[in-house]
There are 2 protein chains.
Amino acid sequence: MNSTMLSSTKIESPWGSRADREAERQIKREAVLRTAARFFNAQGFHATSLEDVAAALAVTKPTIYHYFRNKDEILFECVRLGLEGIRDAACAAEDRGGTGRDRLEALMRQYAMIMTQDFGICVTRTSDDQLGEQSRLRFRELKREIHNHLQSVIKAGMADGSLGNGNARLVAFTVAGALNWIARWYRPDGEMSAETVAHSTVDTLMRGLVPQGASR
Amino acid sequence: MNSTMLSSTKIESPWGSRADREAERQIKREAVLRTAARFFNAQGFHATSLEDVAAALAVTKPTIYHYFRNKDEILFECVRLGLEGIRDAACAAEDRGGTGRDRLEALMRQYAMIMTQDFGICVTRTSDDQLGEQSRLRFRELKREIHNHLQSVIKAGMADGSLGNGNARLVAFTVAGALNWIARWYRPDGEMSAETVAHSTVDTLMRGLVPQGASR
DNA sequence: ACGTTAATTTACTCATCAGTATAGTAGTTA
DNA sequence: TAACTACTATACTGATGAGTAAATTAACGT
């Protein structure tokens with residue numbers, strides 16, 4: 001390539017070095033988070049040292065500290081990604097129209113799917129005592145937000161008659177428990193696909209254990 | 001009291017010093033376990049030092065080591081008590097007669113109740129990476145045993161028609177998730193009694209979310 | 001070429017906490 | 001009273017791991 005072929009003023013690349021760098025940085029941050037989440041899920045938060053994470057990425061610990069303030073921030077970002085995924089699914093479900101039951105079903109399916117993924121699993125396995133004071137508050141805030149969405153969709157369904165009546169708060173906990181628990185037992189390398197698990201779990205919750213149409 | 005009233009050979013007390021001591025020892029062991037379980041539940045296992053536990057009992061760390069080999073043994077004993085409670089409830093439910101559905105309902109109620117208590121909460125909050133190699137195996141063993149009981153009662157109900165058909169393994173996970181989750185949100189000082197929560201959660205699982213008698 | 005900034009390393013510090021060595025005390029037995 | 005055992009405390013060791021200081025290299029803009 002001959003430089004005479006270019007005009008004197010160099011064309012600003014849309015992938016200018018500034019943005020490039022920033023993108024690189026984000027990619028690296030994400031890699032750290034994903035790796036960390038997998039370690040946390042496999043060995044637990046406290047049993048995972050940042051040296052483990054660094055080694056898995058073939059770098060050293062201070063490199064990680066170049067991207068994150070501390071271990072707490074890493075854990076929080078992991079659970080944030082998981083929780084925001086669920087929250088977004090909840091918002092999408094609410095906007096989607098249909099009966100309360102339809103919306104709840106969509107929400108639960110999405111929720112269940114996230115529970116089979118790295119950051120979703122991390123959410124269920126993280127208890128707030130593992131986070132620092134600030135993160136703990138935001139963690140609780142996000143969880144409460146999701147619980148409120150869930151509860152409100154359930155209430156809507158009870159109101160429009162598409163769901164049976166009951167204590168919406170308690171029903172929400174029951175649903176959340178069943179869905180969250182997926183993260184504890186599901187193995188991606190097992191026989192069932194995530195979709196099958198999600199579908200089937202939602203179905204069980206919706207229809208209950210007693211035979212359909214059974215008197216009571 | 002006059003010693004001449006007693007025959008020359010002293011009567012061996014059933015509360016002889018030997019047995020007395022042993023009983024004292026058990027009481028102290030239990031106090032340690034209960035205190036430890038509460039700390040574990042409130043702050044997490046790793047965030048709880050044995051000095052914390054000792055201080056709460058107004059003794060020092062080496063005293064605890066006089067009753068337990070190590071921290072791992074303490075955690076394991078806590079979860080063992082919780083898990084054996086559930087297992088015993090499962091066995092009792094199986095022996096109790098009635099349809100599969102009746103037995104499942106009894107089992108779930110008991111299970112739910114245990115999930116509102118110290119050692120039961122400890123079970124749900126403990127992940128096996130927190131235990132040593134040996135304890136981890138026994139922990140998993142006990143959990144599997146419970147899962148098997150649960151699954152077999154569900155299968156029995158499906159077979160005798162008192163429960164709707166489905167994938168028993170997956171249904172068992174759904175049930176276990178909803179029940180285990182109680183330990184995460186239930187607060188004894190809240191509005192609902194443990195009995196109410198247990199009853200209501202079981203009811204939701206049994207009847208499902210859709211209105212009864214709904215077509216589909 | 002030159003200074004600046006991002007990225008990464010080696011080699012540390014520092015705190016925490018599980019677990020122990022050792023010694024002292026109280027009650028029991030002979 | 002002497003020896004023994006159970007129990008508890010003081011004062012330590014040792015390992016682990018979070019987080020940092022400082023030096024090094026690579027990349028970029030001017």
# chains A, B, ... in the order shown; residues from 1 in each chain; ligands from 1
>>> interface_residues(of="chain A", to="chain D", cutoff="9 Å", atoms="only C-alpha atoms (C1' of nucleotides)", output="VMD selection string")
chain A and resid 17 49 to 51 62 65 70 to 71
>>> closest_atom_pairs(of="chain C", to="chain A", cutoff="12 Å", atoms="only C-alpha atoms (C1' of nucleotides)", output="Markdown table")
| residue | atom | partner | partner_atom | distance |
| --- | --- | --- | --- | --- |
| C:DT5 | C1' | A:Arg18 | CA | 11.8 |
| C:DA6 | C1' | A:Arg21 | CA | 9.0 |
| C:DA7 | C1' | A:Thr63 | CA | 7.6 |
| C:DT8 | C1' | A:Thr63 | CA | 6.0 |
| C:DT9 | C1' | A:Thr60 | CA | 7.7 |
| C:DT10 | C1' | A:Thr60 | CA | 10.0 |
| C:DA11 | C1' | A:Pro62 | CA | 11.7 |
>>> interface_residues(of="chain A", to="chain B", cutoff="6 Å", atoms="only C-alpha atoms", output="VMD selection string")
chain A and resid 43 129 163 to 164 174 177 to 178 181 205 to 211 213
>>> write_last_selection(atoms="C-alpha atoms", output="PDB file, in the first residue's frame")
ATOM      1  CA  GLN A  43     -16.556 -23.461  44.031  1.00  0.00           C
ATOM      2  CA  ASP A 129     -23.864 -11.394  53.297  1.00  0.00           C
ATOM      3  CA  LEU A 163     -55.364 -17.045  37.584  1.00  0.00           C
ATOM      4  CA  GLY A 164     -56.939 -18.497  40.704  1.00  0.00           C
ATOM      5  CA  THR A 174     -43.490 -20.099  45.631  1.00  0.00           C
ATOM      6  CA  GLY A 177     -38.441 -20.555  44.686  1.00  0.00           C
ATOM      7  CA  ALA A 178     -39.250 -23.175  42.096  1.00  0.00           C
ATOM      8  CA  TRP A 181     -33.982 -23.685  42.345  1.00  0.00           C
ATOM      9  CA  LEU A 205     -46.496 -24.498  38.567  1.00  0.00           C
ATOM     10  CA  MET A 206     -49.415 -23.475  36.399  1.00  0.00           C
ATOM     11  CA  ARG A 207     -51.377 -26.678  36.576  1.00  0.00           C
ATOM     12  CA  GLY A 208     -50.428 -27.873  40.027  1.00  0.00           C
ATOM     13  CA  LEU A 209     -49.864 -31.408  41.180  1.00  0.00           C
ATOM     14  CA  VAL A 210     -53.433 -32.586  41.501  1.00  0.00           C
ATOM     15  CA  PRO A 211     -55.053 -34.012  38.368  1.00  0.00           C
ATOM     16  CA  GLY A 213     -60.463 -31.021  36.861  1.00  0.00           C
TER      17      GLY A 213
END
>>> select_by_dssp(residues="region 21-210 of chain A", states="helix (DSSP H, G or I)", output="JSON, numbers by chain")
{"A": [21, 22, 23, 24, 25, 26, 27, 28, 29, 30, 31, 32, 33, 34, 35, 36, 37, 38, 39, 40, 41, 42, 43, 50, 51, 52, 53, 54, 55, 56, 61, 62, 63, 64, 65, 66, 67, 71, 72, 73, 74, 75, 76, 77, 78, 79, 80, 81, 82, 83, 84, 85, 86, 87, 88, 89, 90, 91, 92, 93, 94, 95, 100, 101, 102, 103, 104, 105, 106, 107, 108, 109, 110, 111, 112, 113, 114, 118, 119, 120, 121, 122, 123, 124, 125, 128, 129, 130, 133, 134, 135, 136, 137, 138, 139, 140, 141, 142, 143, 144, 145, 146, 147, 148, 149, 150, 151, 152, 153, 154, 155, 156, 157, 158, 159, 168, 169, 170, 171, 172, 173, 174, 175, 176, 177, 178, 179, 180, 181, 182, 183, 184, 185, 194, 195, 196, 197, 198, 199, 200, 201, 202, 203, 204, 205, 206, 207]}
>>> atom_distance(atom1="CA of Thr99 (chain A)", atom2="CA of Ser152 (chain A)")
12.6 Å
>>> atom_distance(atom1="C1' of DC14 (chain C)", atom2="CA of Ala55 (chain B)")
24.7 Å
>>> residues_around(residues="Ala90 (chain B)", least_positions_apart="6", cutoff="8 Å", atoms="only C-alpha atoms (C1' of nucleotides)", output="ChimeraX atom specification")
/B:107,146,149-150
>>> write_last_selection(atoms="C-alpha atoms", output="tab-separated table (two decimals), in the first residue's frame")
chain	number	residue	atom	x	y	z
B	107	LEU	CA	-44.44	-34.66	53.62
B	146	ILE	CA	-34.60	-37.03	50.51
B	149	HIS	CA	-38.25	-40.23	48.95
B	150	LEU	CA	-39.96	-37.20	47.51
>>> decode(residues="region 108-135 of chain A", atoms="N, CA and C atoms", output="PDB file, in the first residue's frame")
ATOM      1  N   MET A 108     -42.243 -16.258  33.448  1.00  0.00           N
ATOM      2  CA  MET A 108     -41.652 -17.427  34.110  1.00  0.00           C
ATOM      3  C   MET A 108     -40.717 -18.186  33.180  1.00  0.00           C
ATOM      4  N   ARG A 109     -41.117 -18.306  31.927  1.00  0.00           N
ATOM      5  CA  ARG A 109     -40.256 -19.012  30.962  1.00  0.00           C
ATOM      6  C   ARG A 109     -38.899 -18.341  30.846  1.00  0.00           C
ATOM      7  N   GLN A 110     -38.936 -17.030  30.664  1.00  0.00           N
ATOM      8  CA  GLN A 110     -37.689 -16.275  30.536  1.00  0.00           C
ATOM      9  C   GLN A 110     -36.842 -16.409  31.801  1.00  0.00           C
ATOM     10  N   TYR A 111     -37.503 -16.240  32.906  1.00  0.00           N
ATOM     11  CA  TYR A 111     -36.858 -16.343  34.219  1.00  0.00           C
ATOM     12  C   TYR A 111     -36.154 -17.694  34.330  1.00  0.00           C
ATOM     13  N   ALA A 112     -36.881 -18.729  33.990  1.00  0.00           N
ATOM     14  CA  ALA A 112     -36.323 -20.084  34.079  1.00  0.00           C
ATOM     15  C   ALA A 112     -35.100 -20.229  33.183  1.00  0.00           C
ATOM     16  N   MET A 113     -35.178 -19.681  31.993  1.00  0.00           N
ATOM     17  CA  MET A 113     -34.042 -19.776  31.072  1.00  0.00           C
ATOM     18  C   MET A 113     -32.796 -19.121  31.653  1.00  0.00           C
ATOM     19  N   ILE A 114     -32.988 -17.952  32.219  1.00  0.00           N
ATOM     20  CA  ILE A 114     -31.838 -17.237  32.786  1.00  0.00           C
ATOM     21  C   ILE A 114     -31.217 -18.040  33.916  1.00  0.00           C
ATOM     22  N   MET A 115     -32.042 -18.794  34.616  1.00  0.00           N
ATOM     23  CA  MET A 115     -31.550 -19.602  35.730  1.00  0.00           C
ATOM     24  C   MET A 115     -30.677 -20.781  35.297  1.00  0.00           C
ATOM     25  N   THR A 116     -30.601 -20.991  34.000  1.00  0.00           N
ATOM     26  CA  THR A 116     -29.718 -22.060  33.514  1.00  0.00           C
ATOM     27  C   THR A 116     -28.400 -21.476  32.998  1.00  0.00           C
ATOM     28  N   GLN A 117     -28.262 -20.151  33.131  1.00  0.00           N
ATOM     29  CA  GLN A 117     -27.067 -19.493  32.584  1.00  0.00           C
ATOM     30  C   GLN A 117     -26.153 -18.933  33.671  1.00  0.00           C
ATOM     31  N   ASP A 118     -24.917 -18.717  33.297  1.00  0.00           N
ATOM     32  CA  ASP A 118     -23.880 -18.342  34.267  1.00  0.00           C
ATOM     33  C   ASP A 118     -24.303 -17.273  35.271  1.00  0.00           C
ATOM     34  N   PHE A 119     -24.736 -16.138  34.778  1.00  0.00           N
ATOM     35  CA  PHE A 119     -25.023 -15.038  35.700  1.00  0.00           C
ATOM     36  C   PHE A 119     -26.303 -15.272  36.492  1.00  0.00           C
ATOM     37  N   GLY A 120     -27.240 -15.970  35.887  1.00  0.00           N
ATOM     38  CA  GLY A 120     -28.461 -16.309  36.604  1.00  0.00           C
ATOM     39  C   GLY A 120     -28.171 -17.253  37.763  1.00  0.00           C
ATOM     40  N   ILE A 121     -27.351 -18.235  37.493  1.00  0.00           N
ATOM     41  CA  ILE A 121     -26.964 -19.176  38.539  1.00  0.00           C
ATOM     42  C   ILE A 121     -26.289 -18.428  39.676  1.00  0.00           C
ATOM     43  N   CYS A 122     -25.455 -17.482  39.289  1.00  0.00           N
ATOM     44  CA  CYS A 122     -24.729 -16.693  40.273  1.00  0.00           C
ATOM     45  C   CYS A 122     -25.690 -15.962  41.212  1.00  0.00           C
ATOM     46  N   VAL A 123     -26.781 -15.466  40.682  1.00  0.00           N
ATOM     47  CA  VAL A 123     -27.758 -14.745  41.493  1.00  0.00           C
ATOM     48  C   VAL A 123     -28.280 -15.634  42.620  1.00  0.00           C
ATOM     49  N   THR A 124     -28.681 -16.838  42.247  1.00  0.00           N
ATOM     50  CA  THR A 124     -29.278 -17.734  43.226  1.00  0.00           C
ATOM     51  C   THR A 124     -28.269 -18.200  44.264  1.00  0.00           C
ATOM     52  N   ARG A 125     -27.038 -18.328  43.841  1.00  0.00           N
ATOM     53  CA  ARG A 125     -26.014 -18.838  44.753  1.00  0.00           C
ATOM     54  C   ARG A 125     -25.411 -17.757  45.627  1.00  0.00           C
ATOM     55  N   THR A 126     -25.747 -16.514  45.345  1.00  0.00           N
ATOM     56  CA  THR A 126     -25.170 -15.419  46.129  1.00  0.00           C
ATOM     57  C   THR A 126     -26.124 -15.021  47.250  1.00  0.00           C
ATOM     58  N   SER A 127     -25.611 -14.992  48.441  1.00  0.00           N
ATOM     59  CA  SER A 127     -26.440 -14.484  49.541  1.00  0.00           C
ATOM     60  C   SER A 127     -25.879 -13.123  49.914  1.00  0.00           C
ATOM     61  N   ASP A 128     -26.738 -12.255  50.376  1.00  0.00           N
ATOM     62  CA  ASP A 128     -26.308 -10.862  50.460  1.00  0.00           C
ATOM     63  C   ASP A 128     -25.186 -10.632  51.463  1.00  0.00           C
ATOM     64  N   ASP A 129     -24.970 -11.587  52.360  1.00  0.00           N
ATOM     65  CA  ASP A 129     -23.864 -11.394  53.297  1.00  0.00           C
ATOM     66  C   ASP A 129     -22.500 -11.451  52.600  1.00  0.00           C
ATOM     67  N   GLN A 130     -22.511 -11.900  51.350  1.00  0.00           N
ATOM     68  CA  GLN A 130     -21.244 -11.975  50.632  1.00  0.00           C
ATOM     69  C   GLN A 130     -20.858 -10.640  50.011  1.00  0.00           C
ATOM     70  N   LEU A 131     -21.803  -9.750  49.931  1.00  0.00           N
ATOM     71  CA  LEU A 131     -21.544  -8.452  49.303  1.00  0.00           C
ATOM     72  C   LEU A 131     -21.233  -7.381  50.339  1.00  0.00           C
ATOM     73  N   GLY A 132     -20.524  -6.351  49.901  1.00  0.00           N
ATOM     74  CA  GLY A 132     -20.261  -5.209  50.771  1.00  0.00           C
ATOM     75  C   GLY A 132     -21.528  -4.414  50.994  1.00  0.00           C
ATOM     76  N   GLU A 133     -21.421  -3.445  51.837  1.00  0.00           N
ATOM     77  CA  GLU A 133     -22.603  -2.719  52.285  1.00  0.00           C
ATOM     78  C   GLU A 133     -23.383  -2.096  51.114  1.00  0.00           C
ATOM     79  N   GLN A 134     -22.662  -1.362  50.259  1.00  0.00           N
ATOM     80  CA  GLN A 134     -23.310  -0.683  49.139  1.00  0.00           C
ATOM     81  C   GLN A 134     -23.959  -1.684  48.182  1.00  0.00           C
ATOM     82  N   SER A 135     -23.139  -2.637  47.743  1.00  0.00           N
ATOM     83  CA  SER A 135     -23.626  -3.618  46.775  1.00  0.00           C
ATOM     84  C   SER A 135     -24.807  -4.384  47.336  1.00  0.00           C
TER      85      SER A 135
END
